Amino acid sequence: MEVSEKIKAAGISPYIHTGVYPDYILGGFVYPAIISANGDNGQILKDMGDMKEGIFKSEPVLKALRQLSEISAKGLIDKGAPALNHTDSQMQFLQHKAAMIPNGLWLESEMKNDAPSDFKYGFVPSITQAKGGKFIALPYTSTMAIAKKAKNPEAAKAFIEFIFTKKASLNWAEKTGALMNVKVDLESSNVGDTAKNAMKYYNSDNTIVAPVVVFNADVFKVMSDATIALTINKITPEEWTERVEAAAAKARK
């Protein structure tokens with residue numbers, strides 16, 4: 001909060017996100033905040049995915065939403081963010097118009113042709129934990145499956161096994177900046193400093209890795225819309241919980 005006020009005073013947005021795709025601010029801000037408020041226990045995210053009755057009105061969720069509401073009320077979130085797609089928000093970040101952005105580790109590779117030559121990236125898994133609290137890292141996953149009637153399922157299984165080998169994972173990290181296997185040693189590789197720094201966080205005892213959760217599509221839509229509304233002070237944290245809990249109750253029927 002203190003450094004964001006200084007950034008704002010310098011005419012730079014402290015925090016920008018891609019409002020067109022709320023996944024980013026949910027995954028980069030809201031979910032880690034909820035887990036931190038839940039005593040660093042990621043089970044609450046699973047309970048949200050399972051639409052456990054009352055979970056969206058629980059105290060950890062409300063506490064996290066109040067954090068988002070607070071930085072919004074203080075004008076620390078870029079006002080234009082709700083209309084930005086991920087490329088536009090990333091461009092503003094690279095042009096030094098915003099200091100922090102929730103994003104994936106692929107950012108550096110994806111925007112390599114647009115970033116200033118002297119641009120320096122930094123990385124932290126989360127910013128919402130209490131002072132001295134553990135970081136919350138939210139992994140991004142891509143689901144892979146083998147067709148039930150595949151002609152060669154054994155070859156498909158072998159390919160998936162290959163993807164996660166150390167050699168293939170290292171190659172992926174070097175080409176994309178993203179992590180496929182967090183047990184691979186990147187220090188002597190050609191991977192960028194951002195990915196190396198992220199790997200240190202992932203393997204630190206001071207970092208909690210959040211569970212991967214898939215939300216009901218209807219509930220996620222309401223949650224996304226409510227979160228964007230919260231970032232521009234259109235609703236209160238309590239109204240967010242009412243909307244999302246109602247959507248979950250409807251989906252449970």
# chains A, B, ... in the order shown; residues from 1 in each chain; ligands from 1
>>> residues_around(residues="range 32-36 of chain A", least_positions_apart="2", cutoff="10 Å", atoms="only C-alpha atoms", output="PyMOL selection string")
chain A and resi 26-30+38-45+58-68+125-130+133-138+208-210
>>> closest_residue(among="A:Met91, A:Val124, A:Ala178, A:Ile163", to="Lys200 in chain A", atoms="only C-alpha atoms")
A:Val124
>>> select_by_dssp(residues="range 71-243 of chain A", states="strand (DSSP E)", output="PyMOL selection string")
chain A and resi 98-100+135-137+207-209
>>> write_last_selection(atoms="N, CA and C atoms", output="short mmCIF file (atom, residue, chain, number, x, y, z; two decimals), in the first residue's frame")
data_model
loop_
_atom_site.label_atom_id
_atom_site.label_comp_id
_atom_site.auth_asym_id
_atom_site.auth_seq_id
_atom_site.Cartn_x
_atom_site.Cartn_y
_atom_site.Cartn_z
N ALA A 98 2.09 1.48 -15.88
CA ALA A 98 1.61 0.73 -14.72
C ALA A 98 2.77 -0.06 -14.14
N ALA A 99 2.77 -0.20 -12.83
CA ALA A 99 3.93 -0.81 -12.16
C ALA A 99 3.78 -2.30 -11.91
N MET A 100 2.57 -2.76 -11.66
CA MET A 100 2.33 -4.18 -11.33
C MET A 100 1.19 -4.72 -12.17
N PHE A 135 3.91 -16.50 0.82
CA PHE A 135 3.41 -16.18 -0.51
C PHE A 135 2.45 -17.29 -0.95
N ILE A 136 1.51 -16.92 -1.81
CA ILE A 136 0.58 -17.90 -2.38
C ILE A 136 0.79 -17.90 -3.89
N ALA A 137 1.28 -19.01 -4.42
CA ALA A 137 1.50 -19.13 -5.86
C ALA A 137 0.33 -19.87 -6.49
N THR A 207 6.46 -20.48 0.46
CA THR A 207 5.44 -20.34 -0.58
C THR A 207 4.44 -21.49 -0.50
N ILE A 208 3.17 -21.15 -0.53
CA ILE A 208 2.09 -22.13 -0.60
C ILE A 208 1.61 -22.20 -2.05
N VAL A 209 1.58 -23.39 -2.62
CA VAL A 209 1.09 -23.55 -3.99
C VAL A 209 -0.40 -23.89 -3.93
#
>>> atom_distance(atom1="CA of Val222 in chain A", atom2="CA of Thr241 in chain A")
10.4 Å
>>> residues_around(residues="range 184-186 of chain A", least_positions_apart="4", cutoff="7 Å", atoms="only C-alpha atoms", output="list in words")
Lys166, Leu170, Val191 and Lys196 of chain A
>>> residues_around(residues="range 10-16 of chain A", least_positions_apart="4", cutoff="7 Å", atoms="only C-alpha atoms", output="list of chain:residue names")
A:Ser4, A:Lys6, A:Leu76, A:Ile77, A:Asp78, A:Ala81, A:Ser89, A:Lys97, A:Ala98, A:Ala99, A:Met100, A:Ile101
>>> write_last_selection(atoms="N, CA and C atoms", output="PDB file, in the first residue's frame")
ATOM      1  N   SER A   4       2.609   1.727  -3.369  1.00  0.00           N
ATOM      2  CA  SER A   4       1.627   2.063  -4.397  1.00  0.00           C
ATOM      3  C   SER A   4       1.246   3.543  -4.339  1.00  0.00           C
ATOM      4  N   LYS A   6       3.226   5.922  -3.472  1.00  0.00           N
ATOM      5  CA  LYS A   6       4.367   6.636  -4.068  1.00  0.00           C
ATOM      6  C   LYS A   6       4.335   6.526  -5.590  1.00  0.00           C
ATOM      7  N   LEU A  76      -5.822   2.940  -6.642  1.00  0.00           N
ATOM      8  CA  LEU A  76      -4.542   2.298  -6.939  1.00  0.00           C
ATOM      9  C   LEU A  76      -4.638   1.312  -8.104  1.00  0.00           C
ATOM     10  N   ILE A  77      -5.859   1.073  -8.611  1.00  0.00           N
ATOM     11  CA  ILE A  77      -6.055   0.228  -9.780  1.00  0.00           C
ATOM     12  C   ILE A  77      -6.332   1.120 -10.982  1.00  0.00           C
ATOM     13  N   ASP A  78      -5.705   0.825 -12.099  1.00  0.00           N
ATOM     14  CA  ASP A  78      -5.905   1.621 -13.305  1.00  0.00           C
ATOM     15  C   ASP A  78      -7.388   1.685 -13.669  1.00  0.00           C
ATOM     16  N   ALA A  81      -8.702  -0.268 -16.770  1.00  0.00           N
ATOM     17  CA  ALA A  81      -8.453  -1.714 -16.831  1.00  0.00           C
ATOM     18  C   ALA A  81      -9.668  -2.553 -17.232  1.00  0.00           C
ATOM     19  N   SER A  89      -3.286  -4.423 -21.713  1.00  0.00           N
ATOM     20  CA  SER A  89      -2.816  -4.203 -20.336  1.00  0.00           C
ATOM     21  C   SER A  89      -1.309  -4.458 -20.246  1.00  0.00           C
ATOM     22  N   LYS A  97       3.490   2.643 -17.815  1.00  0.00           N
ATOM     23  CA  LYS A  97       2.285   3.352 -17.399  1.00  0.00           C
ATOM     24  C   LYS A  97       1.644   2.677 -16.193  1.00  0.00           C
ATOM     25  N   ALA A  98       2.091   1.482 -15.878  1.00  0.00           N
ATOM     26  CA  ALA A  98       1.606   0.731 -14.721  1.00  0.00           C
ATOM     27  C   ALA A  98       2.768  -0.061 -14.138  1.00  0.00           C
ATOM     28  N   ALA A  99       2.775  -0.197 -12.827  1.00  0.00           N
ATOM     29  CA  ALA A  99       3.932  -0.810 -12.160  1.00  0.00           C
ATOM     30  C   ALA A  99       3.776  -2.303 -11.912  1.00  0.00           C
ATOM     31  N   MET A 100       2.566  -2.762 -11.655  1.00  0.00           N
ATOM     32  CA  MET A 100       2.333  -4.176 -11.330  1.00  0.00           C
ATOM     33  C   MET A 100       1.186  -4.716 -12.166  1.00  0.00           C
ATOM     34  N   ILE A 101       1.305  -5.993 -12.544  1.00  0.00           N
ATOM     35  CA  ILE A 101       0.271  -6.625 -13.357  1.00  0.00           C
ATOM     36  C   ILE A 101       0.168  -8.106 -13.004  1.00  0.00           C
TER      37      ILE A 101
END
>>> select_by_dssp(residues="range 13-243 of chain A", states="alpha helix (DSSP H)", output="ChimeraX atom specification")
/A:23-25,31-37,43-49,59-73,86-94,107-110,153-163,166-176,193-202,217-231,237-243
>>> write_last_selection(atoms="C-alpha atoms", output="mmCIF file, in the first residue's frame")
data_model
loop_
_atom_site.group_PDB
_atom_site.id
_atom_site.type_symbol
_atom_site.label_atom_id
_atom_site.label_comp_id
_atom_site.auth_asym_id
_atom_site.auth_seq_id
_atom_site.Cartn_x
_atom_site.Cartn_y
_atom_site.Cartn_z
ATOM 1 C CA ASP A 23 -9.210 -14.714 -14.748
ATOM 2 C CA TYR A 24 -6.074 -12.643 -14.271
ATOM 3 C CA ILE A 25 -7.145 -10.507 -11.331
ATOM 4 C CA TYR A 31 -7.661 -16.331 -4.872
ATOM 5 C CA PRO A 32 -4.273 -15.841 -3.161
ATOM 6 C CA ALA A 33 -5.883 -13.305 -0.826
ATOM 7 C CA ILE A 34 -8.612 -15.785 0.093
ATOM 8 C CA ILE A 35 -6.104 -18.548 0.817
ATOM 9 C CA SER A 36 -3.958 -16.200 2.932
ATOM 10 C CA ALA A 37 -7.032 -15.137 4.886
ATOM 11 C CA GLN A 43 -8.848 -26.155 0.761
ATOM 12 C CA ILE A 44 -11.120 -23.117 0.692
ATOM 13 C CA LEU A 45 -10.499 -22.724 -3.033
ATOM 14 C CA LYS A 46 -11.624 -26.333 -3.552
ATOM 15 C CA ASP A 47 -14.716 -25.640 -1.445
ATOM 16 C CA MET A 48 -15.476 -22.675 -3.696
ATOM 17 C CA GLY A 49 -15.085 -24.878 -6.772
ATOM 18 C CA GLU A 59 -14.936 -14.586 6.359
ATOM 19 C CA PRO A 60 -11.770 -15.382 4.329
ATOM 20 C CA VAL A 61 -13.589 -14.545 1.089
ATOM 21 C CA LEU A 62 -14.986 -11.340 2.536
ATOM 22 C CA LYS A 63 -11.584 -10.313 3.907
ATOM 23 C CA ALA A 64 -9.973 -10.807 0.501
ATOM 24 C CA LEU A 65 -12.690 -8.818 -1.230
ATOM 25 C CA ARG A 66 -12.196 -5.978 1.240
ATOM 26 C CA GLN A 67 -8.526 -5.866 0.271
ATOM 27 C CA LEU A 68 -9.482 -5.472 -3.385
ATOM 28 C CA SER A 69 -12.110 -2.900 -2.476
ATOM 29 C CA GLU A 70 -9.579 -0.923 -0.450
ATOM 30 C CA ILE A 71 -7.013 -0.545 -3.229
ATOM 31 C CA SER A 72 -9.844 0.292 -5.613
ATOM 32 C CA ALA A 73 -11.251 2.974 -3.322
ATOM 33 C CA HIS A 86 -4.526 -8.929 -21.964
ATOM 34 C CA THR A 87 -2.308 -7.489 -24.732
ATOM 35 C CA ASP A 88 -3.405 -3.902 -24.077
ATOM 36 C CA SER A 89 -2.816 -4.203 -20.336
ATOM 37 C CA GLN A 90 0.589 -5.770 -20.961
ATOM 38 C CA MET A 91 1.538 -2.932 -23.328
ATOM 39 C CA GLN A 92 0.722 -0.315 -20.704
ATOM 40 C CA PHE A 93 2.847 -2.243 -18.229
ATOM 41 C CA LEU A 94 5.762 -2.375 -20.688
ATOM 42 C CA LEU A 107 4.612 -12.560 -20.445
ATOM 43 C CA GLU A 108 8.311 -11.916 -21.074
ATOM 44 C CA SER A 109 8.441 -14.292 -24.044
ATOM 45 C CA GLU A 110 5.063 -13.260 -25.437
ATOM 46 C CA PRO A 153 -3.276 -44.811 -26.497
ATOM 47 C CA GLU A 154 0.103 -46.173 -25.379
ATOM 48 C CA ALA A 155 1.913 -43.765 -27.695
ATOM 49 C CA ALA A 156 -0.252 -40.928 -26.369
ATOM 50 C CA LYS A 157 0.655 -41.854 -22.795
ATOM 51 C CA ALA A 158 4.326 -41.940 -23.729
ATOM 52 C CA PHE A 159 4.042 -38.479 -25.281
ATOM 53 C CA ILE A 160 2.499 -37.036 -22.120
ATOM 54 C CA GLU A 161 5.259 -38.640 -20.058
ATOM 55 C CA PHE A 162 7.819 -37.098 -22.420
ATOM 56 C CA ILE A 163 6.348 -33.610 -22.030
ATOM 57 C CA LYS A 166 13.309 -32.711 -17.254
ATOM 58 C CA LYS A 167 14.743 -32.270 -20.757
ATOM 59 C CA ALA A 168 11.424 -31.337 -22.352
ATOM 60 C CA SER A 169 10.441 -29.126 -19.413
ATOM 61 C CA LEU A 170 13.737 -27.264 -19.609
ATOM 62 C CA ASN A 171 13.275 -26.740 -23.337
ATOM 63 C CA TRP A 172 9.756 -25.413 -22.711
ATOM 64 C CA ALA A 173 10.982 -23.014 -20.028
ATOM 65 C CA GLU A 174 13.765 -21.704 -22.260
ATOM 66 C CA LYS A 175 11.401 -21.076 -25.173
ATOM 67 C CA THR A 176 8.376 -19.701 -23.316
ATOM 68 C CA ASP A 193 15.827 -14.418 -14.743
ATOM 69 C CA THR A 194 12.059 -14.083 -14.228
ATOM 70 C CA ALA A 195 11.462 -17.822 -14.552
ATOM 71 C CA LYS A 196 14.498 -18.614 -12.393
ATOM 72 C CA ASN A 197 13.198 -16.273 -9.716
ATOM 73 C CA ALA A 198 9.737 -17.874 -9.928
ATOM 74 C CA MET A 199 11.252 -21.330 -9.562
ATOM 75 C CA LYS A 200 12.938 -20.247 -6.323
ATOM 76 C CA TYR A 201 9.566 -19.134 -4.972
ATOM 77 C CA TYR A 202 7.880 -22.380 -5.998
ATOM 78 C CA ALA A 217 -19.231 -21.820 -15.780
ATOM 79 C CA ASP A 218 -22.324 -19.903 -14.643
ATOM 80 C CA VAL A 219 -20.890 -19.211 -11.201
ATOM 81 C CA PHE A 220 -17.566 -18.142 -12.682
ATOM 82 C CA LYS A 221 -19.325 -15.657 -14.984
ATOM 83 C CA VAL A 222 -21.133 -14.042 -12.057
ATOM 84 C CA MET A 223 -17.951 -14.069 -9.973
ATOM 85 C CA SER A 224 -15.977 -12.456 -12.806
ATOM 86 C CA ASP A 225 -18.541 -9.717 -13.427
ATOM 87 C CA ALA A 226 -18.858 -8.994 -9.713
ATOM 88 C CA THR A 227 -15.080 -8.774 -9.320
ATOM 89 C CA ILE A 228 -14.751 -6.217 -12.118
ATOM 90 C CA ALA A 229 -17.622 -4.240 -10.586
ATOM 91 C CA LEU A 230 -15.783 -4.293 -7.273
ATOM 92 C CA THR A 231 -12.594 -2.922 -8.848
ATOM 93 C CA PRO A 237 -17.687 -6.785 -0.965
ATOM 94 C CA GLU A 238 -20.935 -7.821 0.719
ATOM 95 C CA GLU A 239 -22.860 -7.392 -2.537
ATOM 96 C CA TRP A 240 -20.220 -9.519 -4.293
ATOM 97 C CA THR A 241 -20.815 -12.341 -1.831
ATOM 98 C CA GLU A 242 -24.598 -12.087 -2.232
ATOM 99 C CA ARG A 243 -24.398 -12.299 -6.014
#
>>> atom_distance(atom1="CA of Asn85 in chain A", atom2="CA of Thr18 in chain A")
5.1 Å
>>> closest_residue(among="A:Lys151, A:Lys183, A:Lys112, A:Lys74", to="Glu2 in chain A", atoms="only C-alpha atoms")
A:Lys74
>>> atom_distance(atom1="CA of Pro211 in chain A", atom2="CA of Ile235 in chain A")
28.2 Å
>>> closest_residue(among="A:Gly75, A:Ile232, A:Gln95, A:Val213", to="Tyr140 in chain A", atoms="only C-alpha atoms")
A:Val213
>>> residues_around(residues="Met51 in chain A", least_positions_apart="4", cutoff="8 Å", atoms="only C-alpha atoms", output="list in words")
Asp47, Ile55, Ala248, Ala249 and Arg252 of chain A
>>> write_last_selection(atoms="C-alpha atoms", output="short mmCIF file (atom, residue, chain, number, x, y, z; two decimals), in the first residue's frame")
data_model
loop_
_atom_site.label_atom_id
_atom_site.label_comp_id
_atom_site.auth_asym_id
_atom_site.auth_seq_id
_atom_site.Cartn_x
_atom_site.Cartn_y
_atom_site.Cartn_z
CA ASP A 47 -14.72 -25.64 -1.44
CA ILE A 55 -18.52 -20.61 1.21
CA ALA A 248 -23.91 -21.05 -6.57
CA ALA A 249 -27.26 -21.87 -4.93
CA ARG A 252 -26.57 -26.55 -7.00
#
>>> decode(residues="range 102-123 of chain A", atoms="N, CA and C atoms", output="mmCIF file, in the first residue's frame")
data_model
loop_
_atom_site.group_PDB
_atom_site.id
_atom_site.type_symbol
_atom_site.label_atom_id
_atom_site.label_comp_id
_atom_site.auth_asym_id
_atom_site.auth_seq_id
_atom_site.Cartn_x
_atom_site.Cartn_y
_atom_site.Cartn_z
ATOM 1 N N PRO A 102 -1.033 -8.624 -12.747
ATOM 2 C CA PRO A 102 -1.168 -10.061 -12.537
ATOM 3 C C PRO A 102 -1.079 -10.755 -13.888
ATOM 4 N N ASN A 103 -0.176 -11.704 -14.009
ATOM 5 C CA ASN A 103 0.062 -12.303 -15.315
ATOM 6 C C ASN A 103 0.759 -13.638 -15.179
ATOM 7 N N GLY A 104 0.915 -14.318 -16.292
ATOM 8 C CA GLY A 104 1.631 -15.587 -16.319
ATOM 9 C C GLY A 104 3.094 -15.368 -16.670
ATOM 10 N N LEU A 105 3.900 -16.382 -16.407
ATOM 11 C CA LEU A 105 5.332 -16.275 -16.670
ATOM 12 C C LEU A 105 5.654 -16.213 -18.156
ATOM 13 N N TRP A 106 4.670 -16.454 -19.005
ATOM 14 C CA TRP A 106 4.893 -16.370 -20.444
ATOM 15 C C TRP A 106 4.977 -14.926 -20.928
ATOM 16 N N LEU A 107 4.670 -13.972 -20.062
ATOM 17 C CA LEU A 107 4.612 -12.560 -20.445
ATOM 18 C C LEU A 107 5.894 -12.090 -21.137
ATOM 19 N N GLU A 108 7.033 -12.400 -20.543
ATOM 20 C CA GLU A 108 8.311 -11.916 -21.074
ATOM 21 C C GLU A 108 8.548 -12.430 -22.492
ATOM 22 N N SER A 109 8.258 -13.712 -22.721
ATOM 23 C CA SER A 109 8.441 -14.292 -24.044
ATOM 24 C C SER A 109 7.398 -13.771 -25.032
ATOM 25 N N GLU A 110 6.160 -13.695 -24.569
ATOM 26 C CA GLU A 110 5.063 -13.260 -25.437
ATOM 27 C C GLU A 110 5.253 -11.839 -25.951
ATOM 28 N N MET A 111 5.817 -10.977 -25.111
ATOM 29 C CA MET A 111 5.936 -9.560 -25.455
ATOM 30 C C MET A 111 7.378 -9.147 -25.788
ATOM 31 N N LYS A 112 8.223 -10.105 -26.136
ATOM 32 C CA LYS A 112 9.642 -9.793 -26.352
ATOM 33 C C LYS A 112 9.871 -8.802 -27.497
ATOM 34 N N ASN A 113 8.966 -8.766 -28.469
ATOM 35 C CA ASN A 113 9.126 -7.836 -29.591
ATOM 36 C C ASN A 113 8.567 -6.451 -29.293
ATOM 37 N N ASP A 114 7.906 -6.304 -28.164
ATOM 38 C CA ASP A 114 7.279 -5.031 -27.815
ATOM 39 C C ASP A 114 7.924 -4.350 -26.610
ATOM 40 N N ALA A 115 8.673 -5.113 -25.821
ATOM 41 C CA ALA A 115 9.273 -4.538 -24.616
ATOM 42 C C ALA A 115 10.488 -3.679 -24.956
ATOM 43 N N PRO A 116 10.671 -2.542 -24.262
ATOM 44 C CA PRO A 116 11.888 -1.749 -24.442
ATOM 45 C C PRO A 116 13.114 -2.604 -24.151
ATOM 46 N N SER A 117 14.199 -2.340 -24.816
ATOM 47 C CA SER A 117 15.398 -3.169 -24.680
ATOM 48 C C SER A 117 15.949 -3.187 -23.258
ATOM 49 N N ASP A 118 15.686 -2.128 -22.508
ATOM 50 C CA ASP A 118 16.223 -2.043 -21.149
ATOM 51 C C ASP A 118 15.178 -2.397 -20.085
ATOM 52 N N PHE A 119 14.055 -2.972 -20.514
ATOM 53 C CA PHE A 119 12.983 -3.272 -19.562
ATOM 54 C C PHE A 119 13.395 -4.415 -18.638
ATOM 55 N N LYS A 120 13.151 -4.226 -17.347
ATOM 56 C CA LYS A 120 13.489 -5.241 -16.350
ATOM 57 C C LYS A 120 12.217 -5.758 -15.676
ATOM 58 N N TYR A 121 12.055 -7.064 -15.730
ATOM 59 C CA TYR A 121 10.891 -7.685 -15.104
ATOM 60 C C TYR A 121 11.195 -8.073 -13.660
ATOM 61 N N GLY A 122 10.155 -8.036 -12.853
ATOM 62 C CA GLY A 122 10.254 -8.564 -11.499
ATOM 63 C C GLY A 122 9.118 -9.552 -11.309
ATOM 64 N N PHE A 123 9.173 -10.339 -10.247
ATOM 65 C CA PHE A 123 8.110 -11.323 -10.020
ATOM 66 C C PHE A 123 7.945 -11.600 -8.534
#
